[in-house]
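Heads up, my_file_6.txt below (compact mmCIF, C-alpha atoms and all ligand atoms):
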# COMPACT_ATOMS: atom_id res chain seq x y z
CA MET A 1 85.28 -39.51 -19.27
CA LEU A 2 84.10 -38.50 -22.74
CA ARG A 3 80.56 -39.42 -21.71
CA ALA A 4 80.88 -37.24 -18.57
CA ILE A 5 82.26 -34.35 -20.64
CA SER A 6 79.35 -34.55 -23.06
CA LEU A 7 76.82 -34.68 -20.19
CA ALA A 8 78.34 -31.48 -18.79
CA GLU A 9 78.24 -29.67 -22.14
CA ALA A 10 74.43 -29.48 -22.05
CA PHE A 11 74.60 -27.01 -19.14
CA LYS A 12 77.07 -24.42 -20.41
CA TYR A 13 74.46 -21.65 -20.42
CA THR A 14 72.97 -22.41 -17.00
CA ALA A 15 75.92 -23.48 -14.81
CA LYS A 16 78.00 -20.35 -15.51
CA PRO A 17 79.86 -18.66 -13.89
CA ASN A 18 80.50 -22.08 -12.36
CA PRO A 19 82.26 -24.67 -14.50
CA VAL A 20 80.23 -27.34 -16.27
CA VAL A 21 80.91 -30.71 -14.65
CA GLY A 22 79.74 -34.24 -15.48
CA ALA A 23 80.00 -37.38 -13.33
CA LEU A 24 79.30 -41.10 -13.69
CA LEU A 25 79.17 -44.02 -11.30
CA VAL A 26 80.45 -47.13 -13.04
CA SER A 27 80.59 -50.79 -12.09
CA LYS A 28 82.62 -53.55 -13.75
CA THR A 29 79.80 -54.04 -16.22
CA GLY A 30 79.03 -50.45 -17.20
CA ILE A 31 77.50 -47.11 -16.26
CA ILE A 32 75.20 -47.24 -13.22
CA SER A 33 74.20 -43.57 -13.05
CA GLU A 34 74.98 -40.11 -14.40
CA GLY A 35 74.86 -36.58 -13.06
CA SER A 36 75.74 -33.01 -14.08
CA HIS A 37 76.02 -29.62 -12.42
CA GLU A 38 72.90 -28.32 -14.13
CA ARG A 39 72.40 -24.83 -12.77
CA PHE A 40 74.43 -22.27 -10.83
CA GLY A 41 73.69 -22.65 -7.12
CA GLU A 42 72.28 -26.17 -7.45
CA ASN A 43 73.73 -29.64 -6.69
CA HIS A 44 77.16 -30.49 -8.01
CA ALA A 45 77.55 -33.26 -10.60
CA GLU A 46 78.89 -35.91 -8.19
CA ILE A 47 75.92 -35.45 -5.82
CA ASN A 48 73.48 -35.79 -8.72
CA ALA A 49 75.23 -38.98 -9.88
CA ILE A 50 75.02 -40.42 -6.33
CA ASN A 51 71.37 -39.40 -5.92
CA ASN A 52 70.51 -40.90 -9.32
CA ALA A 53 72.22 -44.18 -8.36
CA ARG A 54 70.06 -44.32 -5.24
CA LYS A 55 66.94 -43.64 -7.27
CA LEU A 56 67.82 -46.42 -9.70
CA LEU A 57 69.11 -49.02 -7.23
CA GLY A 58 66.86 -48.23 -4.29
CA LYS A 59 67.49 -46.35 -1.06
CA SER A 60 68.86 -49.47 0.61
CA PHE A 61 71.69 -49.82 -1.95
CA ASN A 62 74.88 -49.61 0.01
CA SER A 63 77.60 -51.15 -2.08
CA PHE A 64 79.19 -47.94 -3.29
CA GLU A 65 82.61 -49.45 -2.52
CA ASP A 66 82.22 -51.59 -5.65
CA LEU A 67 81.68 -48.53 -7.88
CA THR A 68 84.12 -46.06 -9.42
CA LEU A 69 83.23 -42.40 -9.71
CA VAL A 70 84.34 -40.71 -12.92
CA CYS A 71 84.13 -36.90 -12.82
CA THR A 72 85.40 -34.23 -15.16
CA LEU A 73 86.60 -31.88 -12.38
CA GLU A 74 88.23 -32.49 -9.01
CA PRO A 75 85.44 -32.92 -6.42
CA CYS A 76 85.21 -29.80 -4.27
CA SER A 77 86.32 -29.59 -0.63
CA HIS A 78 84.62 -26.35 0.42
CA PHE A 79 81.25 -25.21 1.68
CA GLY A 80 79.90 -22.90 -1.04
CA LYS A 81 76.29 -22.88 -2.15
CA THR A 82 76.44 -26.63 -1.51
CA GLY A 83 78.54 -28.90 0.72
CA PRO A 84 81.91 -30.49 -0.13
CA CYS A 85 81.54 -33.27 -2.73
CA ALA A 86 84.82 -34.98 -1.74
CA GLU A 87 83.45 -35.52 1.77
CA ALA A 88 80.15 -36.92 0.46
CA ILE A 89 82.06 -39.32 -1.84
CA ALA A 90 84.29 -40.60 0.96
CA GLN A 91 81.40 -40.89 3.40
CA ILE A 92 79.30 -43.00 1.08
CA GLY A 93 82.18 -45.48 0.74
CA ILE A 94 83.31 -44.99 -2.86
CA LYS A 95 86.84 -46.40 -3.13
CA LYS A 96 88.02 -45.09 -6.50
CA VAL A 97 87.67 -41.73 -8.26
CA ILE A 98 88.91 -40.90 -11.78
CA ILE A 99 89.22 -37.15 -12.34
CA GLY A 100 89.64 -35.14 -15.53
CA ALA A 101 91.22 -31.87 -14.35
CA LEU A 102 92.25 -30.34 -11.04
CA ASP A 103 89.93 -27.52 -9.92
CA PRO A 104 91.91 -24.25 -10.28
CA ASN A 105 89.60 -22.46 -7.79
CA PRO A 106 91.92 -21.64 -4.82
CA LEU A 107 89.12 -22.76 -2.47
CA VAL A 108 89.63 -26.29 -3.85
CA ALA A 109 92.90 -26.60 -5.89
CA GLY A 110 94.12 -30.02 -4.72
CA LYS A 111 92.30 -29.99 -1.38
CA GLY A 112 89.51 -32.14 -2.82
CA ILE A 113 92.01 -34.81 -3.84
CA ASP A 114 93.84 -34.61 -0.48
CA LEU A 115 90.55 -35.17 1.31
CA LEU A 116 89.80 -38.24 -0.83
CA ILE A 117 93.28 -39.73 -0.33
CA LYS A 118 93.12 -39.14 3.45
CA ASN A 119 89.95 -41.21 3.42
CA ASP A 120 91.64 -44.10 1.57
CA VAL A 121 90.02 -43.36 -1.77
CA LYS A 122 92.21 -44.21 -4.78
CA VAL A 123 92.50 -41.21 -7.11
CA GLU A 124 93.58 -40.89 -10.75
CA VAL A 125 93.88 -37.41 -12.29
CA GLY A 126 94.37 -36.05 -15.78
CA LEU A 127 92.19 -38.16 -18.06
CA CYS A 128 91.11 -35.90 -20.99
CA GLN A 129 92.11 -32.86 -18.97
CA GLU A 130 92.72 -30.70 -22.06
CA LEU A 131 89.11 -31.26 -23.15
CA VAL A 132 87.84 -30.37 -19.68
CA LYS A 133 89.92 -27.18 -19.69
CA GLU A 134 88.75 -26.22 -23.17
CA GLN A 135 85.14 -26.87 -22.15
CA ASN A 136 85.57 -24.52 -19.20
CA LYS A 137 87.82 -22.06 -20.98
CA PHE A 138 86.61 -18.92 -19.13
CA PHE A 139 86.66 -20.59 -15.69
CA PHE A 140 90.26 -21.85 -16.06
CA PHE A 141 91.35 -18.56 -17.64
CA LYS A 142 90.04 -16.50 -14.72
CA HIS A 143 91.73 -18.62 -12.06
CA GLU A 144 95.02 -19.09 -13.95
CA LYS A 145 95.41 -15.49 -15.16
CA MET A 146 93.69 -13.82 -12.17
CA LYS A 147 91.59 -11.73 -14.56
CA PRO A 148 88.35 -12.27 -16.46
CA TYR A 149 88.43 -13.21 -20.15
CA VAL A 150 87.65 -9.91 -21.88
CA THR A 151 85.96 -9.83 -25.29
CA VAL A 152 85.10 -6.66 -27.20
CA LYS A 153 82.29 -6.86 -29.74
CA ILE A 154 81.85 -4.27 -32.47
CA ALA A 155 79.43 -3.90 -35.39
CA SER A 156 81.11 -2.05 -38.23
CA SER A 157 80.03 -0.70 -41.63
CA LEU A 158 82.10 -1.63 -44.68
CA ASP A 159 84.00 1.65 -44.28
CA GLY A 160 84.80 0.99 -40.59
CA LYS A 161 82.14 3.22 -38.99
CA SER A 162 80.18 2.65 -35.81
CA HIS A 163 77.17 4.99 -35.96
CA ASN A 164 75.91 8.26 -37.49
CA LYS A 165 77.46 11.56 -36.35
CA ASP A 166 74.08 13.26 -36.13
CA GLY A 167 72.78 10.58 -33.76
CA SER A 168 70.16 9.37 -36.26
CA SER A 169 69.60 5.71 -35.61
CA THR A 170 70.43 3.01 -38.12
CA TRP A 171 71.19 -0.71 -37.98
CA ILE A 172 74.73 -1.37 -39.19
CA THR A 173 74.47 -5.15 -39.44
CA CYS A 174 71.67 -7.48 -40.60
CA ALA A 175 69.03 -9.08 -38.37
CA GLU A 176 70.83 -12.47 -38.54
CA SER A 177 74.06 -10.94 -37.18
CA ARG A 178 72.14 -9.22 -34.41
CA ASN A 179 70.58 -12.54 -33.59
CA ASP A 180 74.04 -14.16 -33.46
CA VAL A 181 75.04 -11.53 -30.88
CA GLN A 182 72.30 -12.89 -28.59
CA ASN A 183 73.99 -16.31 -28.63
CA VAL A 184 77.38 -14.75 -27.92
CA ARG A 185 75.93 -12.78 -24.97
CA ALA A 186 74.44 -15.98 -23.56
CA LEU A 187 77.95 -17.45 -23.14
CA TYR A 188 79.31 -14.60 -21.00
CA ASP A 189 79.07 -14.00 -17.26
CA ALA A 190 78.77 -10.22 -17.66
CA ILE A 191 78.11 -7.56 -20.29
CA LEU A 192 79.70 -4.14 -19.93
CA THR A 193 78.74 -0.86 -21.53
CA GLY A 194 79.14 2.89 -21.00
CA GLY A 195 76.73 5.58 -19.83
CA ASN A 196 76.35 7.22 -23.24
CA THR A 197 75.25 3.96 -24.86
CA VAL A 198 72.64 3.41 -22.12
CA ILE A 199 71.29 6.95 -22.54
CA ASP A 200 71.48 7.20 -26.36
CA ASP A 201 70.39 3.69 -27.38
CA ASN A 202 68.31 2.45 -24.42
CA PRO A 203 69.68 -1.10 -24.99
CA ARG A 204 68.39 -4.16 -23.12
CA MET A 205 71.78 -5.92 -23.26
CA ASN A 206 70.42 -9.28 -22.17
CA ALA A 207 70.64 -12.57 -24.07
CA ARG A 208 67.38 -13.01 -25.98
CA VAL A 209 67.63 -16.69 -26.92
CA ASN A 210 65.12 -19.52 -27.03
CA PHE A 211 66.90 -21.71 -24.46
CA GLU A 212 67.45 -21.47 -20.71
CA VAL A 213 70.27 -19.11 -19.69
CA ASN A 214 71.70 -17.82 -16.46
CA GLN A 215 71.53 -14.26 -17.80
CA PRO A 216 74.79 -12.28 -17.87
CA LYS A 217 75.09 -9.67 -15.15
CA LYS A 218 75.26 -6.09 -16.40
CA ILE A 219 78.07 -3.64 -15.72
CA LEU A 220 77.67 0.06 -16.38
CA LEU A 221 80.88 2.03 -16.57
CA SER A 222 80.05 5.69 -15.97
CA LYS A 223 80.61 8.64 -13.67
CA LYS A 224 77.09 9.90 -14.31
CA ASN A 225 74.44 9.68 -11.61
CA ASN A 226 71.32 10.67 -13.53
CA PHE A 227 70.28 7.39 -15.17
CA ASP A 228 66.63 6.69 -15.78
CA MET A 229 66.24 3.58 -13.66
CA GLU A 230 63.19 2.64 -15.73
CA SER A 231 65.30 2.33 -18.91
CA ASN A 232 65.79 -1.11 -20.46
CA PHE A 233 69.34 -1.66 -19.20
CA PHE A 234 68.19 -1.80 -15.57
CA LYS A 235 65.66 -4.56 -16.26
CA ASN A 236 66.04 -8.37 -16.20
CA ALA A 237 69.45 -8.68 -14.53
CA GLU A 238 71.55 -7.36 -11.69
CA VAL A 239 73.41 -4.12 -12.61
CA THR A 240 76.70 -3.01 -11.08
CA ILE A 241 77.76 0.59 -11.70
CA ILE A 242 81.54 1.14 -11.77
CA LYS A 243 82.72 4.76 -11.61
CA GLU A 244 86.44 4.05 -12.14
CA THR A 245 88.11 5.49 -15.28
CA ASN A 246 91.30 3.38 -15.21
CA ILE A 247 90.32 0.38 -17.39
CA ALA A 248 92.88 -1.99 -15.84
CA LYS A 249 91.27 -1.29 -12.46
CA VAL A 250 87.81 -1.80 -13.98
CA ILE A 251 88.88 -5.23 -15.27
CA ASN A 252 90.20 -6.09 -11.82
CA SER A 253 86.88 -5.06 -10.25
CA ILE A 254 85.11 -7.43 -12.65
CA TYR A 255 87.46 -10.21 -11.50
CA GLU A 256 86.61 -9.38 -7.90
CA LEU A 257 82.91 -9.62 -8.73
CA ASP A 258 83.71 -13.29 -9.55
CA HIS A 259 82.89 -13.02 -13.25
CA CYS A 260 85.02 -15.34 -15.38
CA SER A 261 84.20 -13.49 -18.62
CA VAL A 262 82.94 -10.10 -19.77
CA LEU A 263 81.65 -8.94 -23.13
CA VAL A 264 82.23 -5.24 -23.82
CA GLU A 265 79.58 -3.69 -26.05
CA ALA A 266 80.15 0.05 -26.18
CA GLY A 267 80.90 3.01 -28.43
CA PRO A 268 84.28 3.81 -30.05
CA ARG A 269 85.65 5.81 -27.10
CA LEU A 270 85.21 3.09 -24.49
CA VAL A 271 86.11 0.29 -26.93
CA ASN A 272 89.41 2.03 -27.78
CA ALA A 273 90.13 2.64 -24.10
CA PHE A 274 89.76 -1.12 -23.46
CA LEU A 275 91.86 -2.08 -26.49
CA LYS A 276 94.68 0.29 -25.48
CA THR A 277 95.20 -1.50 -22.17
CA GLY A 278 96.37 -4.70 -23.91
CA LEU A 279 94.05 -6.59 -21.53
CA VAL A 280 91.45 -7.55 -24.17
CA ASP A 281 91.67 -11.23 -25.11
CA GLU A 282 89.28 -11.38 -28.04
CA LEU A 283 87.62 -9.01 -30.49
CA ILE A 284 84.50 -10.00 -32.42
CA GLU A 285 83.73 -7.85 -35.43
CA TYR A 286 80.44 -8.05 -37.32
CA LYS A 287 81.07 -6.24 -40.61
CA SER A 288 78.33 -5.20 -43.00
CA SER A 289 78.64 -5.05 -46.79
CA GLU A 290 77.35 -1.44 -46.89
CA PRO A 291 79.36 1.74 -46.18
CA LEU A 292 77.97 4.37 -43.81
CA GLY A 293 79.69 7.24 -45.62
CA LYS A 294 80.87 10.58 -44.30
CA ASN A 295 78.05 10.92 -41.78
CA GLY A 296 79.60 7.95 -39.91
CA VAL A 297 81.90 7.93 -36.87
CA ASN A 298 85.04 5.76 -37.24
CA TRP A 299 85.64 2.87 -34.88
CA PHE A 300 89.38 3.48 -35.00
CA SER A 301 91.66 6.45 -35.67
CA LYS A 302 93.19 6.83 -39.12
CA ASN A 303 96.26 4.60 -38.94
CA THR A 304 94.86 2.08 -36.48
CA THR A 305 93.85 -1.41 -37.58
CA ILE A 306 92.69 -4.36 -35.50
CA GLU A 307 95.96 -6.10 -36.43
CA ASN A 308 98.21 -3.28 -35.26
CA LEU A 309 96.26 -3.19 -31.99
CA GLY A 310 97.83 -6.61 -31.39
CA PHE A 311 95.19 -9.04 -32.67
CA LYS A 312 95.28 -11.75 -35.26
CA LEU A 313 92.33 -13.11 -37.20
CA GLU A 314 91.34 -16.52 -35.89
CA SER A 315 88.17 -17.29 -37.81
CA THR A 316 85.80 -15.70 -40.24
CA CYS A 317 82.34 -16.66 -41.44
CA LYS A 318 79.54 -15.14 -43.45
CA ILE A 319 76.23 -14.26 -41.80
CA LYS A 320 73.87 -13.48 -44.67
CA SER A 321 75.22 -10.21 -46.14
CA ASP A 322 77.65 -9.60 -43.21
CA VAL A 323 80.97 -11.13 -42.19
CA LYS A 324 81.79 -12.16 -38.61
CA ASN A 325 85.51 -11.98 -37.79
CA ILE A 326 86.93 -13.35 -34.55
CA TYR A 327 90.32 -11.96 -33.56
CA LYS A 328 92.47 -13.21 -30.69
CA LYS A 329 95.17 -11.32 -28.84
CA CYS A 330 98.60 -12.19 -30.32
C1 LIG A 401 82.39 -30.03 -7.90
N1 LIG A 401 81.40 -30.49 -8.69
O1 LIG A 401 79.80 -30.18 -10.21
C2 LIG A 401 81.15 -28.34 -9.67
C3 LIG A 401 82.25 -27.90 -8.87
O2 LIG A 401 79.10 -22.27 -4.92
P1 LIG A 401 79.20 -23.73 -5.16
O3 LIG A 401 79.03 -24.55 -3.92
O4 LIG A 401 78.30 -24.21 -6.28
O5 LIG A 401 80.72 -24.05 -5.62
C4 LIG A 401 81.20 -23.58 -6.86
C5 LIG A 401 82.64 -24.01 -7.03
O6 LIG A 401 82.74 -25.44 -6.93
C6 LIG A 401 83.20 -23.67 -8.41
O7 LIG A 401 83.80 -22.40 -8.43
C7 LIG A 401 84.21 -24.77 -8.62
O8 LIG A 401 85.41 -24.52 -7.92
C8 LIG A 401 83.53 -25.97 -7.98
N2 LIG A 401 82.66 -26.62 -8.98
N3 LIG A 401 82.85 -28.78 -8.04
O9 LIG A 401 82.86 -30.76 -7.03
C9 LIG A 401 80.75 -29.71 -9.55
N4 LIG A 401 80.49 -27.52 -10.50
ZN ZN A 402 81.27 -30.08 -5.30
What is this structure when it is put down as structure tokens?
Amino acid sequence: MLRAISLAEAFKYTAKPNPVVGALLVSKTGIISEGSHERFGENHAEINAINNARKLLGKSFNSFEDLTLVCTLEPCSHFGKTGPCAEAIAQIGIKKVIIGALDPNPLVAGKGIDLLIKNDVKVEVGLCQELVKEQNKFFFFKHEKMKPYVTVKIASSLDGKSHNKDGSSTWITCAESRNDVQNVRALYDAILTGGNTVIDDNPRMNARVNFEVNQPKKILLSKKNNFDMESNFFKNAEVTIIKETNIAKVINSIYELDHCSVLVEAGPRLVNAFLKTGLVDELIEYKSSEPLGKNGVNWFSKNTTIENLGFKLESTCKIKSDVKNIYKKC
């Protein structure tokens, strides 16, 4: 199971918003073949493990009943972008399946196991399930909590400011921190910002990393209609415009769009509106060592701190001259 979990891990940037899944076919003497769910929309892990066994053992190999399938997630039972894995497993004659965690997706949720058992396949569930859940933290969160995992990211000067009042542009944090943000973006299913940010900063808001990524979808929260569709935000990924002002409803719309996670990168007004709902799960603060001074706009009002917004510091690290603080909802 640990081998299957580590196989899956390699695809955490390309399988999303699907879970990462690894599978092995094993005989009494060892591993016969391996497979992973490599990219969103492509073959599931179990099918890749079966196809790889056929490649290795020859098309005529037909003794699947002697092999055990080990897979990190319950084999699916539904027709999605691909067919049901549980059916393919039973059909090919596999007699034993060892599963890490149950699939929390209501389309599957136990139906995969039922299908296997009905076809006389022996099933064991729960091996290393905590690791599988941790590995697919956003996927399990979304299905268990019926909401996406919401993270707010801010870049702050030493004196807690976001940007200059006069609109003059300046980088708050160092190039290395801004580069770290690219890696954070790459982990999320969606990135959300507001209309003013798109108009004032012309941000690209994609994940500029040197590895393959299923790029986060973009969400623009604004009542405006007059966006320049040639601006950077509208390039490189699908954009959904949400006109709703009630943030709880916005978060629900993101859930309905099937995103497991969303990264909010916006100005103080929208960031505070999100934080006030109590529906933000994580706050990432990049803090520079330089103050912005009285020309700066505060992230938070006078007596507000990240702690009294209901967050506690989980980790902190230095990025060159900046500090990166990760806060989790208490
Ligand atoms: C599996 N094996 O490797 C994965 C599973 O749209 P589809 O067809 O790709 O289905 C996606 C859903 O299938 C996903 O939400 C999750 O419930 C399950 N993922 N299941 O048997 C796999 N990745
Ligand atoms: Zn499947």
query: Near A:Glu74, counting only C-alpha atoms, which residues have an atom at most 8 Å away, once you skip same-chain residues fewer than 4 positions from it, shown as a list in words?
result: Ile99, Gly100, Ala101, Leu102, Asp103, Gly110, Gly112 and Ile113 of chain A
message: Around ligand LIG 401 (chain A), out to 7 Å and counting only C-alpha atoms and all ligand atoms, which residues are there? I want them as an NGL selection string.
response: :A and (18-22 or 36-37 or 40-42 or 44-46 or 73-76 or 79-85 or 103-105 or 107-108)
message: Counting all atoms listed in the file, I want the residues whose atoms come within 10 Å of (82.0, -52.4, -11.1) in the file frame, returned as a ChimeraX atom specification.
response: /A:25-32,64-68
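Minimum atom-to-atom distance to A:Val184, evaluated using all atoms listed in the file, belongs to A:Glu265 out of A:Glu144, A:Asp281, A:Glu265, A:Glu256.
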- prompt: Could you name the residues that touch A:Glu130 at 12 Å or less, counting all atoms listed in the file, but leaving out those on the same chain fewer than 2 positions away, as a PyMOL selection string?
  reply: chain A and resi 1-2+5+72-73+100-102+125-128+132-137+140
task: Considering all atoms listed in the file, state which residue in the set A:Ser261, A:Ser288, A:Asn196, A:Ser63 is at the smallest distance from A:Asp322.
output: A:Ser288
